[in-house]
file data.cif (mmCIF, N, CA and C atoms)
data_start
#
loop_
_atom_site.label_atom_id
_atom_site.label_comp_id
_atom_site.auth_asym_id
_atom_site.auth_seq_id
_atom_site.Cartn_x
_atom_site.Cartn_y
_atom_site.Cartn_z
N MET A 1 5.30 -18.49 9.64
CA MET A 1 6.10 -17.38 9.14
C MET A 1 6.50 -16.51 10.33
N GLU A 2 7.78 -16.37 10.53
CA GLU A 2 8.31 -15.52 11.59
C GLU A 2 8.75 -14.18 11.00
N LEU A 3 9.47 -13.40 11.76
CA LEU A 3 9.93 -12.09 11.28
C LEU A 3 10.74 -12.20 10.00
N PHE A 4 11.61 -13.21 9.91
CA PHE A 4 12.42 -13.38 8.70
C PHE A 4 11.53 -13.58 7.48
N ASP A 5 10.51 -14.41 7.62
CA ASP A 5 9.60 -14.67 6.50
C ASP A 5 8.83 -13.41 6.11
N ILE A 6 8.40 -12.64 7.11
CA ILE A 6 7.72 -11.37 6.82
C ILE A 6 8.68 -10.46 6.05
N ALA A 7 9.94 -10.39 6.51
CA ALA A 7 10.93 -9.53 5.88
C ALA A 7 11.13 -9.91 4.41
N VAL A 8 11.23 -11.19 4.13
CA VAL A 8 11.43 -11.64 2.75
C VAL A 8 10.24 -11.27 1.87
N ARG A 9 9.04 -11.52 2.36
CA ARG A 9 7.84 -11.22 1.56
C ARG A 9 7.68 -9.72 1.33
N VAL A 10 7.99 -8.92 2.35
CA VAL A 10 7.90 -7.46 2.21
C VAL A 10 8.95 -6.96 1.21
N ALA A 11 10.16 -7.51 1.27
CA ALA A 11 11.22 -7.12 0.33
C ALA A 11 10.82 -7.47 -1.11
N GLU A 12 10.09 -8.55 -1.29
CA GLU A 12 9.64 -8.92 -2.63
C GLU A 12 8.67 -7.89 -3.22
N LEU A 13 8.06 -7.07 -2.38
CA LEU A 13 7.19 -5.98 -2.84
C LEU A 13 8.00 -4.79 -3.35
N GLY A 14 9.31 -4.79 -3.11
CA GLY A 14 10.17 -3.68 -3.49
C GLY A 14 10.51 -2.75 -2.35
N LEU A 15 9.98 -3.05 -1.16
CA LEU A 15 10.29 -2.24 0.02
C LEU A 15 11.66 -2.63 0.56
N VAL A 16 12.32 -1.71 1.24
CA VAL A 16 13.62 -1.96 1.84
C VAL A 16 13.40 -2.41 3.27
N VAL A 17 14.07 -3.49 3.66
CA VAL A 17 13.86 -4.08 4.98
C VAL A 17 15.19 -4.22 5.70
N TYR A 18 15.20 -3.83 6.98
CA TYR A 18 16.35 -4.02 7.85
C TYR A 18 15.90 -4.89 9.01
N GLU A 19 16.60 -6.01 9.21
CA GLU A 19 16.25 -6.92 10.29
C GLU A 19 17.16 -6.68 11.49
N ASN A 20 16.56 -6.50 12.66
CA ASN A 20 17.31 -6.34 13.90
C ASN A 20 16.88 -7.48 14.82
N TYR A 21 17.63 -8.58 14.75
CA TYR A 21 17.25 -9.78 15.51
C TYR A 21 17.37 -9.57 17.02
N ASP A 22 18.35 -8.74 17.44
CA ASP A 22 18.52 -8.49 18.88
C ASP A 22 17.27 -7.87 19.49
N GLU A 23 16.61 -7.00 18.74
CA GLU A 23 15.41 -6.32 19.22
C GLU A 23 14.12 -7.01 18.79
N GLN A 24 14.23 -8.11 18.03
CA GLN A 24 13.07 -8.83 17.51
C GLN A 24 12.16 -7.89 16.70
N GLU A 25 12.79 -7.16 15.76
CA GLU A 25 12.02 -6.23 14.95
C GLU A 25 12.60 -6.11 13.54
N ILE A 26 11.77 -5.64 12.64
CA ILE A 26 12.23 -5.27 11.31
C ILE A 26 11.76 -3.84 11.05
N GLN A 27 12.58 -3.11 10.31
CA GLN A 27 12.22 -1.77 9.88
C GLN A 27 12.00 -1.81 8.39
N ILE A 28 11.02 -1.04 7.92
CA ILE A 28 10.62 -1.09 6.52
C ILE A 28 10.55 0.33 5.98
N ALA A 29 11.08 0.52 4.78
CA ALA A 29 11.03 1.83 4.12
C ALA A 29 10.64 1.64 2.66
N ARG A 30 9.90 2.63 2.15
CA ARG A 30 9.54 2.60 0.73
C ARG A 30 10.45 3.57 -0.02
N PRO A 31 11.32 3.05 -0.89
CA PRO A 31 12.21 3.94 -1.63
C PRO A 31 11.43 4.88 -2.55
N ALA A 32 11.99 6.05 -2.78
CA ALA A 32 11.31 7.07 -3.58
C ALA A 32 11.03 6.60 -5.01
N SER A 33 11.76 5.61 -5.48
CA SER A 33 11.56 5.10 -6.84
C SER A 33 10.33 4.21 -6.96
N LEU A 34 9.70 3.88 -5.84
CA LEU A 34 8.55 2.98 -5.82
C LEU A 34 7.29 3.76 -5.45
N GLN A 35 6.33 3.82 -6.33
CA GLN A 35 5.09 4.56 -6.07
C GLN A 35 4.12 3.71 -5.25
N GLY A 36 3.21 4.39 -4.56
CA GLY A 36 2.23 3.69 -3.75
C GLY A 36 1.26 4.67 -3.11
N SER A 37 0.74 4.28 -1.97
CA SER A 37 -0.25 5.09 -1.23
C SER A 37 0.31 6.45 -0.86
N LEU A 38 -0.59 7.43 -0.83
CA LEU A 38 -0.23 8.75 -0.33
C LEU A 38 -0.44 8.76 1.18
N PHE A 39 0.48 9.39 1.90
CA PHE A 39 0.38 9.51 3.35
C PHE A 39 0.14 10.97 3.68
N ARG A 40 -0.97 11.24 4.35
CA ARG A 40 -1.34 12.61 4.70
C ARG A 40 -0.19 13.30 5.42
N GLY A 41 0.15 14.49 4.97
CA GLY A 41 1.20 15.29 5.60
C GLY A 41 2.59 15.01 5.05
N TRP A 42 2.74 13.94 4.29
CA TRP A 42 4.05 13.62 3.70
C TRP A 42 4.09 14.30 2.34
N THR A 43 4.87 15.37 2.22
CA THR A 43 4.78 16.20 1.03
C THR A 43 5.92 16.05 0.04
N GLU A 44 7.06 15.53 0.48
CA GLU A 44 8.19 15.40 -0.43
C GLU A 44 9.08 14.24 0.00
N ASP A 45 9.91 13.79 -0.93
CA ASP A 45 10.85 12.73 -0.62
C ASP A 45 11.82 13.19 0.47
N GLN A 46 12.26 12.26 1.30
CA GLN A 46 13.18 12.59 2.38
C GLN A 46 14.32 11.59 2.42
N LEU A 47 15.48 12.05 2.86
CA LEU A 47 16.61 11.17 3.07
C LEU A 47 16.45 10.52 4.44
N SER A 48 16.62 9.21 4.51
CA SER A 48 16.41 8.49 5.76
C SER A 48 17.44 7.38 5.90
N ALA A 49 17.68 6.96 7.11
CA ALA A 49 18.57 5.84 7.38
C ALA A 49 17.73 4.65 7.82
N ILE A 50 18.05 3.50 7.25
CA ILE A 50 17.44 2.25 7.70
C ILE A 50 18.62 1.30 7.90
N GLY A 51 18.84 0.92 9.15
CA GLY A 51 20.06 0.20 9.47
C GLY A 51 21.24 1.12 9.23
N THR A 52 22.18 0.67 8.44
CA THR A 52 23.35 1.50 8.11
C THR A 52 23.29 2.06 6.69
N THR A 53 22.12 1.99 6.09
CA THR A 53 21.94 2.44 4.71
C THR A 53 21.15 3.74 4.65
N LEU A 54 21.62 4.68 3.86
CA LEU A 54 20.87 5.91 3.60
C LEU A 54 20.13 5.75 2.30
N LEU A 55 18.87 6.17 2.28
CA LEU A 55 18.10 6.11 1.06
C LEU A 55 17.05 7.22 1.06
N THR A 56 16.58 7.55 -0.12
CA THR A 56 15.52 8.53 -0.26
C THR A 56 14.20 7.78 -0.24
N ILE A 57 13.29 8.23 0.63
CA ILE A 57 12.00 7.55 0.80
C ILE A 57 10.87 8.51 0.47
N ASN A 58 9.70 7.95 0.10
CA ASN A 58 8.54 8.78 -0.23
C ASN A 58 7.34 8.49 0.67
N ALA A 59 7.61 7.85 1.82
CA ALA A 59 6.56 7.53 2.79
C ALA A 59 7.22 7.31 4.15
N PRO A 60 6.47 7.44 5.22
CA PRO A 60 7.06 7.17 6.53
C PRO A 60 7.46 5.70 6.66
N SER A 61 8.47 5.46 7.47
CA SER A 61 8.95 4.10 7.70
C SER A 61 8.05 3.35 8.68
N ALA A 62 8.10 2.02 8.57
CA ALA A 62 7.33 1.16 9.46
C ALA A 62 8.28 0.34 10.32
N LYS A 63 7.77 -0.08 11.46
CA LYS A 63 8.50 -1.00 12.32
C LYS A 63 7.56 -2.12 12.70
N VAL A 64 8.04 -3.36 12.59
CA VAL A 64 7.29 -4.53 13.03
C VAL A 64 8.07 -5.14 14.18
N THR A 65 7.45 -5.21 15.35
CA THR A 65 8.10 -5.75 16.53
C THR A 65 7.39 -7.01 16.97
N MET A 66 8.16 -8.08 17.18
CA MET A 66 7.59 -9.34 17.64
C MET A 66 7.68 -9.39 19.15
N ARG A 67 6.57 -9.76 19.78
CA ARG A 67 6.50 -9.90 21.23
C ARG A 67 6.05 -11.32 21.54
N GLY A 68 6.79 -12.01 22.38
CA GLY A 68 6.44 -13.38 22.72
C GLY A 68 7.00 -14.34 21.68
N LYS A 69 6.74 -15.64 21.91
CA LYS A 69 7.25 -16.68 21.01
C LYS A 69 6.19 -17.73 20.75
N GLY A 70 6.40 -18.44 19.67
CA GLY A 70 5.50 -19.55 19.33
C GLY A 70 4.08 -19.09 19.10
N ARG A 71 3.14 -19.87 19.60
CA ARG A 71 1.72 -19.54 19.41
C ARG A 71 1.29 -18.27 20.13
N LYS A 72 2.05 -17.85 21.12
CA LYS A 72 1.69 -16.65 21.87
C LYS A 72 2.30 -15.39 21.27
N ALA A 73 3.04 -15.54 20.17
CA ALA A 73 3.69 -14.38 19.55
C ALA A 73 2.64 -13.40 19.02
N LYS A 74 2.95 -12.13 19.20
CA LYS A 74 2.14 -11.04 18.65
C LYS A 74 3.08 -10.10 17.93
N TYR A 75 2.55 -9.41 16.93
CA TYR A 75 3.35 -8.52 16.11
C TYR A 75 2.72 -7.14 16.09
N LEU A 76 3.49 -6.14 16.50
CA LEU A 76 3.03 -4.76 16.48
C LEU A 76 3.56 -4.10 15.21
N VAL A 77 2.65 -3.56 14.40
CA VAL A 77 3.03 -2.83 13.20
C VAL A 77 2.77 -1.35 13.46
N ASN A 78 3.82 -0.53 13.34
CA ASN A 78 3.70 0.89 13.61
C ASN A 78 4.32 1.69 12.47
N ILE A 79 3.55 2.63 11.94
CA ILE A 79 4.05 3.57 10.93
C ILE A 79 3.87 4.95 11.52
N SER A 80 4.98 5.57 11.90
CA SER A 80 4.91 6.88 12.54
C SER A 80 6.24 7.62 12.33
N MET A 81 6.27 8.86 12.78
CA MET A 81 7.50 9.66 12.75
C MET A 81 7.79 10.14 14.15
N SER A 82 9.05 10.14 14.51
CA SER A 82 9.46 10.69 15.80
C SER A 82 9.39 12.21 15.72
N ALA A 83 9.13 12.81 16.85
CA ALA A 83 9.10 14.27 16.93
C ALA A 83 9.48 14.69 18.34
N ALA A 84 10.01 15.88 18.46
CA ALA A 84 10.35 16.40 19.77
C ALA A 84 9.64 17.73 19.96
N PRO A 85 8.83 17.95 20.96
CA PRO A 85 8.46 16.88 21.90
C PRO A 85 7.48 15.93 21.23
N GLY A 86 7.53 14.69 21.59
CA GLY A 86 6.72 13.65 20.95
C GLY A 86 5.36 13.53 21.57
N PRO A 87 4.57 12.65 21.11
CA PRO A 87 4.84 11.79 19.97
C PRO A 87 4.58 12.52 18.66
N GLY A 88 5.12 11.97 17.59
CA GLY A 88 4.93 12.54 16.26
C GLY A 88 3.69 11.96 15.61
N PRO A 89 3.47 12.29 14.35
CA PRO A 89 2.30 11.77 13.65
C PRO A 89 2.37 10.25 13.50
N GLU A 90 1.21 9.63 13.65
CA GLU A 90 1.13 8.17 13.55
C GLU A 90 0.08 7.80 12.51
N TRP A 91 0.50 7.12 11.46
CA TRP A 91 -0.41 6.74 10.39
C TRP A 91 -1.05 5.38 10.63
N PHE A 92 -0.34 4.50 11.36
CA PHE A 92 -0.86 3.14 11.56
C PHE A 92 -0.22 2.55 12.81
N ASN A 93 -1.03 1.87 13.63
CA ASN A 93 -0.52 1.21 14.83
C ASN A 93 -1.51 0.11 15.22
N GLU A 94 -1.17 -1.13 14.86
CA GLU A 94 -2.05 -2.26 15.18
C GLU A 94 -1.22 -3.46 15.57
N GLU A 95 -1.82 -4.32 16.39
CA GLU A 95 -1.17 -5.56 16.80
C GLU A 95 -1.89 -6.74 16.15
N PHE A 96 -1.10 -7.73 15.74
CA PHE A 96 -1.63 -8.91 15.05
C PHE A 96 -1.08 -10.18 15.68
N LYS A 97 -1.87 -11.25 15.62
CA LYS A 97 -1.41 -12.56 16.05
C LYS A 97 -0.90 -13.37 14.87
N ASP A 98 -1.36 -13.05 13.68
CA ASP A 98 -1.08 -13.83 12.49
C ASP A 98 -0.10 -13.10 11.59
N THR A 99 0.97 -13.76 11.17
CA THR A 99 1.98 -13.11 10.34
C THR A 99 1.46 -12.79 8.94
N GLN A 100 0.53 -13.57 8.44
CA GLN A 100 -0.07 -13.26 7.14
C GLN A 100 -0.81 -11.92 7.22
N ALA A 101 -1.49 -11.68 8.35
CA ALA A 101 -2.19 -10.41 8.55
C ALA A 101 -1.20 -9.25 8.63
N VAL A 102 -0.02 -9.48 9.21
CA VAL A 102 1.02 -8.45 9.26
C VAL A 102 1.44 -8.08 7.83
N PHE A 103 1.74 -9.09 7.03
CA PHE A 103 2.15 -8.85 5.65
C PHE A 103 1.07 -8.09 4.88
N GLU A 104 -0.17 -8.52 5.00
CA GLU A 104 -1.28 -7.86 4.29
C GLU A 104 -1.42 -6.41 4.73
N ALA A 105 -1.30 -6.15 6.03
CA ALA A 105 -1.42 -4.78 6.55
C ALA A 105 -0.33 -3.89 5.95
N ILE A 106 0.91 -4.38 5.93
CA ILE A 106 2.01 -3.59 5.37
C ILE A 106 1.76 -3.32 3.89
N LYS A 107 1.39 -4.35 3.17
CA LYS A 107 1.13 -4.20 1.73
C LYS A 107 0.00 -3.20 1.48
N GLU A 108 -1.07 -3.30 2.25
CA GLU A 108 -2.21 -2.40 2.06
C GLU A 108 -1.90 -0.98 2.50
N CYS A 109 -1.06 -0.81 3.52
CA CYS A 109 -0.68 0.54 3.95
C CYS A 109 0.16 1.23 2.88
N TYR A 110 1.10 0.52 2.30
CA TYR A 110 2.02 1.14 1.34
C TYR A 110 1.51 1.16 -0.09
N PHE A 111 0.53 0.30 -0.41
CA PHE A 111 0.10 0.22 -1.81
C PHE A 111 -1.41 0.25 -2.01
N SER A 112 -2.17 0.52 -0.97
CA SER A 112 -3.63 0.55 -1.11
C SER A 112 -4.19 1.65 -0.22
N ASP A 113 -5.31 1.41 0.44
CA ASP A 113 -5.97 2.47 1.22
C ASP A 113 -6.21 2.10 2.68
N ARG A 114 -5.28 1.41 3.29
CA ARG A 114 -5.46 0.96 4.67
C ARG A 114 -5.25 2.07 5.70
N ILE A 115 -4.54 3.12 5.34
CA ILE A 115 -4.25 4.20 6.29
C ILE A 115 -5.50 5.03 6.55
N ASP A 116 -5.76 5.30 7.83
CA ASP A 116 -6.86 6.18 8.22
C ASP A 116 -6.31 7.61 8.28
N SER A 117 -6.51 8.36 7.22
CA SER A 117 -5.95 9.71 7.14
C SER A 117 -6.67 10.72 8.02
N SER A 118 -7.73 10.30 8.70
CA SER A 118 -8.47 11.21 9.59
C SER A 118 -8.29 10.85 11.05
N ASN A 119 -7.29 10.04 11.38
CA ASN A 119 -7.13 9.65 12.79
C ASN A 119 -6.69 10.85 13.63
N ALA A 120 -6.86 10.75 14.93
CA ALA A 120 -6.61 11.87 15.84
C ALA A 120 -5.18 12.38 15.77
N SER A 121 -4.21 11.48 15.66
CA SER A 121 -2.82 11.90 15.59
C SER A 121 -2.55 12.77 14.38
N LEU A 122 -3.07 12.37 13.24
CA LEU A 122 -2.85 13.15 12.02
C LEU A 122 -3.61 14.47 12.06
N GLU A 123 -4.78 14.47 12.69
CA GLU A 123 -5.55 15.72 12.85
C GLU A 123 -4.75 16.73 13.67
N ILE A 124 -4.09 16.25 14.74
CA ILE A 124 -3.29 17.15 15.58
C ILE A 124 -2.14 17.74 14.78
N TRP A 125 -1.46 16.92 13.99
CA TRP A 125 -0.28 17.37 13.27
C TRP A 125 -0.59 18.16 12.01
N PHE A 126 -1.63 17.77 11.29
CA PHE A 126 -1.86 18.35 9.97
C PHE A 126 -3.20 19.09 9.84
N GLY A 127 -3.95 19.21 10.93
CA GLY A 127 -5.22 19.92 10.91
C GLY A 127 -6.34 19.10 10.30
N ARG A 128 -7.49 19.72 10.22
CA ARG A 128 -8.67 19.03 9.69
C ARG A 128 -8.82 19.23 8.22
#
call {"tool": "encode", "arguments": {"input": "data.cif", "output": "structure tokens"}}
result
Amino acid sequence: MELFDIAVRVAELGLVVYENYDEQEIQIARPASLQGSLFRGWTEDQLSAIGTTLLTINAPSAKVTMRGKGRKAKYLVNISMSAAPGPGPEWFNEEFKDTQAVFEAIKECYFSDRIDSSNASLEIWFGR
């Protein structure tokens, strides 16, 4: 399963996916109409752009970036918000070798309890 396969499986969950093949990445957003995990500090729906599409989201967006090819490929999954001056709050940032693990991480972050709401980044942004 490559990035395209991850994108298809994630879209089947109801998440919105934008594939950027030039950058070897996909962007993922959870539309406001789809309920799931609560993200610390995320208090209301927001208008966001994913690719060339505007949509209302109820959670921070994720980015999956593929590094390397074949058996040496690794996938970085990052769920964070940009901020100036940065960096902004980061809910999740892990690297995986297995695409099934990438899919499971995304599913668990958006629909279960995989997010560490007490991580240092969130403590800085949202207090203790």
call {"tool": "residues_around", "arguments": {"input": "data.cif", "residues": "Thr65 (chain A)", "least_positions_apart": "4", "cutoff": "8 Å", "atoms": "all atoms listed in the file", "output": "tab-separated table (two decimals) with N, CA and C atoms, in the coordinates of the input"}}
result
chain	number	residue	atom	x	y	z
A	23	GLU	N	16.61	-7.00	18.74
A	23	GLU	CA	15.41	-6.32	19.22
A	23	GLU	C	14.12	-7.01	18.79
A	24	GLN	N	14.23	-8.11	18.03
A	24	GLN	CA	13.07	-8.83	17.51
A	24	GLN	C	12.16	-7.89	16.70
A	25	GLU	N	12.79	-7.16	15.76
A	25	GLU	CA	12.02	-6.23	14.95
A	25	GLU	C	12.60	-6.11	13.54
A	26	ILE	N	11.77	-5.64	12.64
A	26	ILE	CA	12.23	-5.27	11.31
A	26	ILE	C	11.76	-3.84	11.05
A	27	GLN	N	12.58	-3.11	10.31
A	27	GLN	CA	12.22	-1.77	9.88
A	27	GLN	C	12.00	-1.81	8.39
A	74	LYS	N	2.95	-12.13	19.20
A	74	LYS	CA	2.14	-11.04	18.65
A	74	LYS	C	3.08	-10.10	17.93
A	75	TYR	N	2.55	-9.41	16.93
A	75	TYR	CA	3.35	-8.52	16.11
A	75	TYR	C	2.72	-7.14	16.09
A	76	LEU	N	3.49	-6.14	16.50
A	76	LEU	CA	3.03	-4.76	16.48
A	76	LEU	C	3.56	-4.10	15.21
A	77	VAL	N	2.65	-3.56	14.40
A	77	VAL	CA	3.03	-2.83	13.20
A	77	VAL	C	2.77	-1.35	13.46
A	78	ASN	N	3.82	-0.53	13.34
A	78	ASN	CA	3.70	0.89	13.61
A	78	ASN	C	4.32	1.69	12.47
call {"tool": "atom_distance", "arguments": {"input": "data.cif", "atom1": "atom C of Ala62 (chain A)", "atom2": "atom N of Ser33 (chain A)"}}
result
17.0 Å
call {"tool": "resolve_selection", "arguments": {"input": "data.cif", "expression": "the PyMOL selection byres (((chain A and resi 89 and name CA) around 6) and name CA)", "output": "PDB file with N, CA and C atoms, in the frame of the given file"}}
result
ATOM      1  N   SER A  80       4.980   5.570  11.900  1.00  0.00           N
ATOM      2  CA  SER A  80       4.910   6.880  12.540  1.00  0.00           C
ATOM      3  C   SER A  80       6.240   7.620  12.330  1.00  0.00           C
ATOM      4  N   MET A  81       6.270   8.860  12.780  1.00  0.00           N
ATOM      5  CA  MET A  81       7.500   9.660  12.750  1.00  0.00           C
ATOM      6  C   MET A  81       7.790  10.140  14.150  1.00  0.00           C
ATOM      7  N   GLY A  88       5.120  11.970  17.590  1.00  0.00           N
ATOM      8  CA  GLY A  88       4.930  12.540  16.260  1.00  0.00           C
ATOM      9  C   GLY A  88       3.690  11.960  15.610  1.00  0.00           C
ATOM     10  N   GLU A  90       1.210   9.630  13.650  1.00  0.00           N
ATOM     11  CA  GLU A  90       1.130   8.170  13.550  1.00  0.00           C
ATOM     12  C   GLU A  90       0.080   7.800  12.510  1.00  0.00           C
ATOM     13  N   SER A 121      -4.210  11.480  15.660  1.00  0.00           N
ATOM     14  CA  SER A 121      -2.820  11.900  15.590  1.00  0.00           C
ATOM     15  C   SER A 121      -2.550  12.770  14.380  1.00  0.00           C
ATOM     16  N   LEU A 122      -3.070  12.370  13.240  1.00  0.00           N
ATOM     17  CA  LEU A 122      -2.850  13.150  12.020  1.00  0.00           C
ATOM     18  C   LEU A 122      -3.610  14.470  12.060  1.00  0.00           C
TER      19      LEU A 122
END
call {"tool": "atom_distance", "arguments": {"input": "data.cif", "atom1": "CA of Ser37 (chain A)", "atom2": "CA of Trp91 (chain A)"}}
result
11.7 Å
call {"tool": "closest_residue", "arguments": {"input": "data.cif", "among": "A:Ala101, A:Leu55, A:Leu47, A:Leu3", "to": "Pro31 (chain A)", "atoms": "all atoms listed in the file"}}
result
A:Leu55
call {"tool": "select_by_dssp", "arguments": {"input": "data.cif", "residues": "chain A", "states": "strand (DSSP E)", "output": "PyMOL selection string"}}
result
chain A and resi 16-20+25-29+46-50+53-57+62-67+74-80+90-96
call {"tool": "residues_around", "arguments": {"input": "data.cif", "residues": "Gly36 (chain A)", "least_positions_apart": "6", "cutoff": "6.5 Å", "atoms": "all atoms listed in the file", "output": "MDAnalysis selection string"}}
result
chainID A and resid 110:112
call {"tool": "residues_around", "arguments": {"input": "data.cif", "residues": "Gln100 (chain A)", "least_positions_apart": "2", "cutoff": "10 Å", "atoms": "only C-alpha atoms", "output": "list of chain:residue names"}}
result
A:Met1, A:Glu2, A:Asp5, A:Ile6, A:Arg9, A:Phe96, A:Lys97, A:Asp98, A:Val102, A:Phe103, A:Glu104, A:Ala105
call {"tool": "closest_residue", "arguments": {"input": "data.cif", "among": "A:Ile115, A:Arg30, A:Glu94, A:Gly127", "to": "Thr56 (chain A)", "atoms": "only N, CA and C atoms"}}
result
A:Arg30
call {"tool": "residues_around", "arguments": {"input": "data.cif", "residues": "Ile28 (chain A)", "least_positions_apart": "4", "cutoff": "8 Å", "atoms": "all atoms listed in the file", "output": "PDB file with N, CA and C atoms, in the coordinates of the input"}}
result
ATOM      1  N   LEU A  15       9.980  -3.050  -1.160  1.00  0.00           N
ATOM      2  CA  LEU A  15      10.290  -2.240   0.020  1.00  0.00           C
ATOM      3  C   LEU A  15      11.660  -2.630   0.560  1.00  0.00           C
ATOM      4  N   VAL A  16      12.320  -1.710   1.240  1.00  0.00           N
ATOM      5  CA  VAL A  16      13.620  -1.960   1.840  1.00  0.00           C
ATOM      6  C   VAL A  16      13.400  -2.410   3.270  1.00  0.00           C
ATOM      7  N   VAL A  17      14.070  -3.490   3.660  1.00  0.00           N
ATOM      8  CA  VAL A  17      13.860  -4.080   4.980  1.00  0.00           C
ATOM      9  C   VAL A  17      15.190  -4.220   5.700  1.00  0.00           C
ATOM     10  N   TYR A  18      15.200  -3.830   6.980  1.00  0.00           N
ATOM     11  CA  TYR A  18      16.350  -4.020   7.850  1.00  0.00           C
ATOM     12  C   TYR A  18      15.900  -4.890   9.010  1.00  0.00           C
ATOM     13  N   GLU A  19      16.600  -6.010   9.210  1.00  0.00           N
ATOM     14  CA  GLU A  19      16.250  -6.920  10.290  1.00  0.00           C
ATOM     15  C   GLU A  19      17.160  -6.680  11.490  1.00  0.00           C
ATOM     16  N   ILE A  50      18.050   3.500   7.250  1.00  0.00           N
ATOM     17  CA  ILE A  50      17.440   2.250   7.700  1.00  0.00           C
ATOM     18  C   ILE A  50      18.620   1.300   7.900  1.00  0.00           C
ATOM     19  N   ALA A  59       7.610   7.850   1.820  1.00  0.00           N
ATOM     20  CA  ALA A  59       6.560   7.530   2.790  1.00  0.00           C
ATOM     21  C   ALA A  59       7.220   7.310   4.150  1.00  0.00           C
ATOM     22  N   PRO A  60       6.470   7.440   5.220  1.00  0.00           N
ATOM     23  CA  PRO A  60       7.060   7.170   6.530  1.00  0.00           C
ATOM     24  C   PRO A  60       7.460   5.700   6.660  1.00  0.00           C
ATOM     25  N   SER A  61       8.470   5.460   7.470  1.00  0.00           N
ATOM     26  CA  SER A  61       8.950   4.100   7.700  1.00  0.00           C
ATOM     27  C   SER A  61       8.050   3.350   8.680  1.00  0.00           C
ATOM     28  N   ALA A  62       8.100   2.020   8.570  1.00  0.00           N
ATOM     29  CA  ALA A  62       7.330   1.160   9.460  1.00  0.00           C
ATOM     30  C   ALA A  62       8.280   0.340  10.320  1.00  0.00           C
ATOM     31  N   LYS A  63       7.770  -0.080  11.460  1.00  0.00           N
ATOM     32  CA  LYS A  63       8.500  -1.000  12.320  1.00  0.00           C
ATOM     33  C   LYS A  63       7.560  -2.120  12.700  1.00  0.00           C
ATOM     34  N   VAL A  64       8.040  -3.360  12.590  1.00  0.00           N
ATOM     35  CA  VAL A  64       7.290  -4.530  13.030  1.00  0.00           C
ATOM     36  C   VAL A  64       8.070  -5.140  14.180  1.00  0.00           C
TER      37      VAL A  64
END
call {"tool": "atom_distance", "arguments": {"input": "data.cif", "atom1": "CA of Cys109 (chain A)", "atom2": "CA of Phe92 (chain A)"}}
result
8.0 Å
call {"tool": "decode", "arguments": {"input": "data.cif", "residues": "region 60-73 of chain A", "atoms": "N, CA and C atoms", "output": "tab-separated table (two decimals), in the first residue's frame"}}
result
chain	number	residue	atom	x	y	z
A	60	PRO	N	-7.97	19.52	13.68
A	60	PRO	CA	-6.81	19.95	12.89
A	60	PRO	C	-6.54	18.98	11.74
A	61	SER	N	-5.97	19.50	10.68
A	61	SER	CA	-5.65	18.69	9.51
A	61	SER	C	-4.37	17.89	9.73
A	62	ALA	N	-4.26	16.79	8.98
A	62	ALA	CA	-3.08	15.93	9.05
A	62	ALA	C	-2.36	15.97	7.71
A	63	LYS	N	-1.07	15.68	7.77
A	63	LYS	CA	-0.27	15.53	6.56
A	63	LYS	C	0.51	14.23	6.69
A	64	VAL	N	0.49	13.42	5.63
A	64	VAL	CA	1.29	12.21	5.56
A	64	VAL	C	2.30	12.41	4.45
A	65	THR	N	3.58	12.36	4.79
A	65	THR	CA	4.64	12.57	3.82
A	65	THR	C	5.44	11.29	3.67
A	66	MET	N	5.63	10.85	2.42
A	66	MET	CA	6.42	9.65	2.15
A	66	MET	C	7.85	10.07	1.88
A	67	ARG	N	8.78	9.38	2.53
A	67	ARG	CA	10.21	9.62	2.33
A	67	ARG	C	10.85	8.31	1.90
A	68	GLY	N	11.59	8.34	0.81
A	68	GLY	CA	12.22	7.14	0.32
A	68	GLY	C	11.26	6.34	-0.55
A	69	LYS	N	11.76	5.21	-1.07
A	69	LYS	CA	10.94	4.37	-1.95
A	69	LYS	C	11.13	2.90	-1.61
A	70	GLY	N	10.16	2.12	-2.05
A	70	GLY	CA	10.24	0.67	-1.87
A	70	GLY	C	10.30	0.28	-0.41
A	71	ARG	N	11.13	-0.69	-0.12
A	71	ARG	CA	11.23	-1.19	1.26
A	71	ARG	C	11.82	-0.17	2.23
A	72	LYS	N	12.51	0.82	1.71
A	72	LYS	CA	13.11	1.84	2.58
A	72	LYS	C	12.18	3.02	2.83
A	73	ALA	N	10.98	2.97	2.27
A	73	ALA	CA	10.03	4.07	2.43
A	73	ALA	C	9.62	4.21	3.89
